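Asks: Contents of start-v2.cif (mmCIF, C-alpha atoms) are below:
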```cif
data_target
loop_
_atom_site.label_atom_id
_atom_site.label_comp_id
_atom_site.auth_asym_id
_atom_site.auth_seq_id
_atom_site.Cartn_x
_atom_site.Cartn_y
_atom_site.Cartn_z
CA MET A 117 82.77 89.60 124.08
CA THR A 118 86.15 90.08 122.38
CA ARG A 119 85.73 86.84 120.41
CA THR A 120 82.23 87.88 119.27
CA PHE A 121 83.48 91.31 118.21
CA ALA A 122 86.47 89.81 116.39
CA MET A 123 84.19 87.40 114.52
CA THR A 124 81.74 90.19 113.67
CA SER A 125 84.57 92.42 112.45
CA THR A 126 85.92 89.63 110.27
CA ILE A 127 82.48 89.05 108.75
CA VAL A 128 82.08 92.77 108.07
CA LEU A 129 85.50 92.85 106.37
CA CYS A 130 84.65 89.82 104.24
CA LEU A 131 81.32 91.31 103.19
CA THR A 132 82.95 94.63 102.41
CA MET A 133 85.52 92.96 100.17
CA ALA A 134 83.12 90.36 98.67
CA GLY A 135 81.73 90.18 95.15
CA THR A 136 79.46 93.18 95.76
CA ALA A 137 82.48 95.49 95.52
CA GLN A 138 82.25 98.32 93.04
CA PRO A 139 84.94 98.78 90.40
CA ASP A 140 87.81 101.06 91.30
CA PRO A 141 86.95 104.52 89.90
CA MET A 142 90.59 104.83 88.80
CA PRO A 143 91.31 101.76 86.65
CA ARG A 144 94.80 100.39 87.16
CA GLY A 145 97.09 98.20 85.15
CA LYS A 146 97.62 94.58 86.01
CA GLY A 147 99.62 94.23 89.22
CA GLU A 148 98.95 97.81 90.42
CA GLN A 149 97.41 98.20 93.85
CA GLN A 150 94.10 99.89 94.52
CA GLY A 151 93.99 103.04 96.62
CA THR A 152 96.08 106.05 97.58
CA VAL A 153 99.12 105.69 99.85
CA TYR A 154 99.97 108.11 102.67
CA ARG A 155 103.08 108.07 104.90
CA ALA A 156 103.33 109.29 108.50
CA PRO A 157 106.50 111.06 109.71
CA GLY A 158 107.38 107.87 111.67
CA GLY A 159 107.20 105.69 108.52
CA THR A 160 103.79 104.04 108.96
CA THR A 161 101.92 103.84 105.66
CA LEU A 162 98.20 103.85 104.96
CA ARG A 163 96.86 102.58 101.64
CA LEU A 164 93.34 103.99 101.65
CA MET A 165 91.11 101.88 99.40
CA LEU A 166 87.52 102.64 100.41
CA ASP A 167 86.60 106.14 101.57
CA GLU A 168 84.32 109.11 100.90
CA SER A 169 85.32 109.10 97.21
CA ASN A 170 83.83 105.67 96.50
CA VAL A 171 81.64 104.34 99.36
CA GLY A 172 80.61 107.55 101.11
CA SER A 173 81.35 108.87 104.58
CA GLU A 174 79.90 105.99 106.62
CA VAL A 175 83.04 103.82 106.55
CA SER A 176 86.66 103.83 105.38
CA LEU A 177 88.91 100.82 104.79
CA GLY A 178 92.64 100.69 104.30
CA GLU A 179 95.81 98.72 104.78
CA MET A 180 98.34 100.04 107.28
CA THR A 181 101.95 98.94 107.44
CA PHE A 182 103.75 99.70 110.70
CA PRO A 183 107.56 99.63 110.46
CA PRO A 184 109.65 97.49 112.84
CA ASN A 185 110.00 98.79 116.40
CA SER A 186 107.51 101.61 115.89
CA ASP A 187 105.47 103.41 118.56
CA SER A 188 102.55 105.67 117.63
CA GLY A 189 102.42 107.33 121.03
CA ASP A 190 99.13 107.81 122.87
CA HIS A 191 96.38 109.29 120.72
CA GLN A 192 92.61 109.38 120.28
CA HIS A 193 90.27 108.98 117.33
CA GLY A 194 86.92 110.56 116.58
CA ALA A 195 85.59 107.24 115.26
CA ILE A 196 85.61 103.54 116.00
CA GLU A 197 88.88 102.07 114.71
CA ILE A 198 89.08 98.34 113.97
CA PHE A 199 92.30 96.49 113.14
CA TYR A 200 92.62 93.02 111.61
CA VAL A 201 96.23 91.80 111.61
CA ILE A 202 97.52 90.31 108.35
CA SER A 203 101.17 89.85 109.31
CA GLY A 204 103.62 90.68 112.09
CA GLU A 205 102.62 91.54 115.62
CA LEU A 206 100.86 94.65 116.93
CA ASN A 207 100.77 95.66 120.58
CA HIS A 208 97.36 97.37 120.72
CA ILE A 209 97.18 99.38 123.95
CA VAL A 210 93.78 100.85 124.87
CA ASN A 211 93.54 103.00 127.99
CA GLY A 212 96.77 101.44 129.26
CA LYS A 213 95.61 97.83 128.74
CA SER A 214 97.86 95.92 126.32
CA GLN A 215 96.65 93.28 123.87
CA ILE A 216 99.13 91.55 121.54
CA LEU A 217 97.47 91.05 118.15
CA THR A 218 98.92 88.44 115.80
CA PRO A 219 97.78 87.36 112.30
CA GLY A 220 94.09 86.50 112.29
CA MET A 221 93.29 88.60 115.36
CA ALA A 222 91.28 91.83 115.57
CA GLY A 223 91.22 94.74 117.99
CA TYR A 224 89.27 97.96 118.27
CA VAL A 225 89.09 101.32 120.02
CA LYS A 226 86.10 103.63 120.50
CA PRO A 227 86.04 107.35 121.25
CA PRO A 228 87.08 108.79 123.68
CA ASP A 229 89.50 105.95 124.53
CA LYS A 230 93.25 106.55 124.29
CA VAL A 231 95.16 104.14 122.07
CA ARG A 232 98.78 103.38 121.29
CA HIS A 233 100.21 101.02 118.64
CA LYS A 234 103.64 99.43 119.08
CA THR A 235 105.49 96.86 116.98
CA GLY A 236 108.48 94.61 117.48
CA PRO A 237 111.26 93.69 115.04
CA ALA A 238 108.84 92.31 112.41
CA GLY A 239 106.58 95.39 112.21
CA ALA A 240 102.94 94.70 111.31
CA LYS A 241 100.51 94.88 108.41
CA VAL A 242 96.82 95.35 109.24
CA VAL A 243 93.49 96.00 107.61
CA VAL A 244 91.97 99.08 109.27
CA VAL A 245 88.32 100.14 109.29
CA TRP A 246 87.01 103.48 110.59
CA VAL A 247 83.33 104.05 111.36
CA PRO A 248 82.29 106.73 110.57
CA GLY A 249 84.71 106.99 107.70
CA GLN A 250 85.69 110.66 107.93
CA GLU A 251 88.45 109.65 110.37
CA ALA A 252 90.53 108.37 107.43
CA ALA A 253 90.47 111.81 105.79
CA ARG A 254 91.60 113.44 109.06
CA ILE A 255 94.55 111.03 109.29
CA ALA A 256 95.49 111.32 105.60
CA ALA A 257 95.48 115.12 105.86
CA ARG A 258 98.33 114.96 108.41
CA TRP A 259 100.40 112.44 106.42
CA LYS A 260 102.33 112.84 103.15
CA ARG A 261 100.69 111.48 100.00
CA GLU A 262 103.03 109.08 98.20
CA PRO A 263 103.47 109.28 94.41
#
```
Could you rewrite the structure in this file as structure tokens?
Replies:
Amino acid sequence: MTRTFAMTSTIVLCLTMAGTAQPDPMPRGKGEQQGTVYRAPGGTTLRLMLDESNVGSEVSLGEMTFPPNSDSGDHQHGAIEIFYVISGELNHIVNGKSQILTPGMAGYVKPPDKVRHKTGPAGAKVVVVWVPGQEAARIAARWKREP
């Protein structure tokens, strides 16, 4: 089941980022990154690239960077949250059950599950997807927008 979900998530991510992508509504210079960056009090950053402003409220996609030795604490989401690890290592704890995610692996949590994200000395960089997408706006509203 986990392998099927991971494969499905990867396919969804690839299709989302494939050639059917719409141009960024805010054109950027060469080398500039797409999206808006938000920072949590603990240092985790979210670069929100696809959200209500460009794809609608059905889904949001971003890149999260967890600093070394971070711990999100137990929390819940009002949407399905899917992580795909790009680099580092993420201890993805759902309802007390730990799963170590390394590059190329995916994990998820569904409401009303409790989740906690912990990193080791390398931190972690992940692609995150929320379905429905309004969850990204709720998270960004609590974090500081970076210049």
Asks: Near A:Ile209, within 10 Å and counting all atoms listed in the file, which residues show up once chain neighbours fewer than 5 positions away are dropped, as an MDAnalysis selection string?
Replies: chainID A and resid 189:190 214:216 223:225 230:234
Asks: Applied to this file, what does the PyMOL selection byres ((chain A and resi 186) around 8) return in terms of residues, put as a ChimeraX atom specification?
Replies: /A:158,182-185,187-188,233-236,239
Asks: Please write as a PyMOL selection string the list of polymer residues whose atoms come within 12 Å of (97.6, 113.1, 103.3), counting all atoms listed in the file and keeping to the coordinates of the file.
Replies: chain A and resi 152-157+161-164+252-263
Asks: Residues within 10 Å of A:Ile202, please, as a list in words. Count all atoms listed in the file; anything in the same chain fewer than 4 positions from it doesn't count.
Replies: Glu179, Met180, Thr181, Leu217, Thr218, Pro219, Gly220, Met221, Ala222, Ala240, Lys241, Val242 and Val243 of chain A
Asks: For atom CA of A:Ile196 and atom CA of A:Thr160, determine how far apart the two atoms are, in Å to one decimal place.
Replies: 19.5 Å
Asks: Could you tell me how far atom CA of A:Leu177 sits from atom CA of A:Glu251, in Å to one decimal place?
Replies: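 Going from atom CA of A:Glu251 over to atom CA of A:Leu177, I get 10.5 Å.
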Asks: Using all atoms listed in the file, find the one residue out of A:Ser203, A:Gln150, A:Asn170, A:Ser176 that sits nearest to A:Val247.
Replies: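 For A:Val247, the nearest of the given residues is A:Ser176.
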Asks: Just the number, please: distance in Å from atom CA of A:Gly194 to atom CA of A:Gly159, one decimal.
Replies: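 One can read the atom CA of A:Gly194 to atom CA of A:Gly159 distance as 22.4 Å.
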Asks: Restricting the calculation to all atoms listed in the file: of A:Phe199, A:Gly172, A:Asp167, A:His208, which residue gets closest to A:Val244?
Replies: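 Selected residue with least distance to A:Val244: A:Phe199.
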Asks: Quick one: residues within 8 Å of A:His193, only C-alpha atoms, excluding same-chain residues fewer than 4 positions away - as a count of residues only?
Replies: 7
Asks: Near A:Glu168, within 8 Å and counting all atoms listed in the file, which residues show up once chain neighbours fewer than 6 positions away are dropped, as an MDAnalysis selection string?
Replies: chainID A and resid 174:176 249:250
